[in-house]
Amino acid sequence: MSTSAPPVTPLATPPTDTAVDAWHATVREAHLHDLPGVPPPGRADSAGRLGVPAARTRTLHLTAPGADGGFDGVASLVLPTDDADRHTAHLDTLAVRPAARGHGTGHRLWEALRAALLADGRTSLSALLESGGAGERFARARGFDNALPLAWYVQDLRGALAAQPQAPALPPGYTHAHWTGTVPDAHAEPFAEAHRAMADAPSGDPGTPAPAWDADRVRAAARLVEERGGRLLTAAVLHTDTGEVAAYTELVLRDPADTRALQYDTVVTPRHRGRGLGRAVKRHLMGLLPEALPSLREIATTVADDNAPMRAVNAALGYRPERPAGYFRTTL
């Protein structure tokens with residue numbers, strides 16, 4: 001007599017500690033199997049993602065229960081709530097324990113996700129995936145294409161600082177600034193304006209408008225990192241005459257126990273490009289880290305394959321390619 005698999009079920013909101021533990025165990029086990037040698041996410045990261053949605057979004061977390069009381073598979077959708085983005089969604093997580101693969105767990109999660117997306121009127125779904133692995137094969141079988149080829153790059157922080165003990169000098173008329181957490185009020189609006197300069201960055205999703213960054217939105221993004229248990233450090237280059245944020249870079253440590261941080265955005269605004277500010281602002285941030293985050297060993301970041309200027313900056317600062325990936329997209 002056959003026994004059908006337990007139905008895919010939404011995770012309770014807020015999740016219990018037991019549910020977070022089971023979710024994190026599934027994500028960690030899948031990560032260690034698929035990406036050996038790449039540090040897995042910490043529990044604080046999993047708990048933060050499950051417990052605190054980003055501003056202007058709602059989330060859907062689904063689980064495929066296992067026979068041992070844990071989860072054979074888990075999946076998360078991020079659903080923007082702004083009118084301009086109401087057609088889009090992002091697949092943040094779809095992980096299946098290695099022992100549960102080949103038995104339809106991933107397919108059941110996908111069908112539940114797809115039904116939820118269609119019921120909510122979503123027509124576009126994106127996901128950041130490793131290239132050449134099980135995730136890409138699964139996605140391509142369901143209509144995803146690689147809309148933006150990119151790669152992960154990793155920097156050995158101590159080695160990079162030893163190789164470049166002196167930061168490059170800024171051109172006349174510029175000065176450094178940095179902060180932890182939320183942007184200081186004096187820089188909030190210029191910082192939001194610099195964020196708006198990201199509109200010309202490759203996104204892989206030409207049908208989705210760039211976020212409408214303002215001071216409230218950049219503050220909310222910083223608070224989200226902290227509310228999820230992480231730390232955010234930002235370095236900026238200011239134009240001394242105008243107070244403009246000419247360049248900035250952000251670094252996030254999602255879990256205090258992690259030894260690898262993530263470099264988020266690095267932006268040089270259009271009228272200040274060609275002056276070496278991208279390299280200067282990233283090197284300035286690197287110099288702050290031994291004191292600010294003494295346990296940090298590595299920094300990882302993604303760069304689009306067609307973003308030659310940023311790849312050159314990273315190479316000069318000691319980043320090495322780690323693995324190919326892509327911003328995958330499908331229409332429903």
# chains A, B, ... in the order shown; residues from 1 in each chain; ligands from 1
>>> residues_around(residues="stretch 11-20 of chain A", least_positions_apart="4", cutoff="9 Å", atoms="only C-alpha atoms", output="JSON, numbers by chain")
{"A": [24, 25, 43, 46, 47, 50, 51, 52, 60, 61, 62, 63, 70, 71]}
>>> select_by_dssp(residues="stretch 73-144 of chain A", states="strand (DSSP E)", output="list of chain:residue names")
A:Gly73, A:Val74, A:Ala75, A:Ser76, A:Leu77, A:Val78, A:Leu79, A:Pro80, A:Thr88, A:Ala89, A:His90, A:Leu91, A:Asp92, A:Thr93, A:Leu94, A:Ala95, A:Val96, A:Ser124, A:Leu125, A:Ser126, A:Ala127, A:Leu128, A:Leu129, A:Glu130
>>> residues_around(residues="A:Ala151", least_positions_apart="2", cutoff="8 Å", atoms="only C-alpha atoms", output="VMD selection string")
chain A and resid 149 153 302 to 305 321 to 326
>>> write_last_selection(atoms="N, CA, C and O atoms", output="short mmCIF file (atom, residue, chain, number, x, y, z; two decimals), in the first residue's frame")
data_model
loop_
_atom_site.label_atom_id
_atom_site.label_comp_id
_atom_site.auth_asym_id
_atom_site.auth_seq_id
_atom_site.Cartn_x
_atom_site.Cartn_y
_atom_site.Cartn_z
N PRO A 149 23.99 36.86 -17.12
CA PRO A 149 25.13 36.04 -16.65
C PRO A 149 26.03 36.88 -15.75
O PRO A 149 26.34 38.04 -16.04
N TYR A 153 32.66 36.53 -6.95
CA TYR A 153 34.08 36.81 -6.75
C TYR A 153 34.33 36.90 -5.24
O TYR A 153 33.47 37.36 -4.49
N THR A 302 28.87 39.64 -6.28
CA THR A 302 28.56 39.24 -7.66
C THR A 302 28.77 40.44 -8.58
O THR A 302 28.51 41.59 -8.20
N VAL A 303 29.23 40.15 -9.80
CA VAL A 303 29.40 41.17 -10.82
C VAL A 303 28.91 40.59 -12.14
O VAL A 303 29.26 39.45 -12.49
N ALA A 304 28.12 41.38 -12.85
CA ALA A 304 27.65 40.94 -14.17
C ALA A 304 28.82 40.77 -15.12
O ALA A 304 29.79 41.54 -15.09
N ASP A 305 28.73 39.77 -15.98
CA ASP A 305 29.83 39.49 -16.92
C ASP A 305 30.11 40.68 -17.84
O ASP A 305 31.26 40.87 -18.26
N PRO A 321 37.75 35.04 -9.15
CA PRO A 321 36.49 34.37 -9.50
C PRO A 321 36.30 33.11 -8.67
O PRO A 321 37.26 32.35 -8.47
N GLU A 322 35.10 32.90 -8.19
CA GLU A 322 34.81 31.69 -7.43
C GLU A 322 33.89 30.73 -8.19
O GLU A 322 34.19 29.55 -8.30
N ARG A 323 32.77 31.25 -8.71
CA ARG A 323 31.84 30.36 -9.41
C ARG A 323 30.90 31.19 -10.27
O ARG A 323 30.55 32.31 -9.92
N PRO A 324 30.48 30.64 -11.42
CA PRO A 324 29.54 31.35 -12.27
C PRO A 324 28.12 31.24 -11.74
O PRO A 324 27.76 30.28 -11.05
N ALA A 325 27.33 32.24 -12.07
CA ALA A 325 25.94 32.25 -11.64
C ALA A 325 25.15 33.04 -12.66
O ALA A 325 25.65 33.39 -13.74
N GLY A 326 23.90 33.31 -12.36
CA GLY A 326 23.08 34.06 -13.28
C GLY A 326 21.81 34.54 -12.61
O GLY A 326 21.34 33.94 -11.63
#
>>> closest_residue(among="A:Arg49, A:Arg297, A:His31, A:Arg158", to="A:Glu227", atoms="only C-alpha atoms")
A:Arg49
>>> closest_residue(among="A:Leu94, A:Ala115, A:Ala54, A:Val225", to="A:Ala139", atoms="only C-alpha atoms")
A:Leu94
>>> closest_residue(among="A:Val218, A:Val267, A:Ala169, A:Leu148", to="A:Leu128", atoms="only C-alpha atoms")
A:Leu148
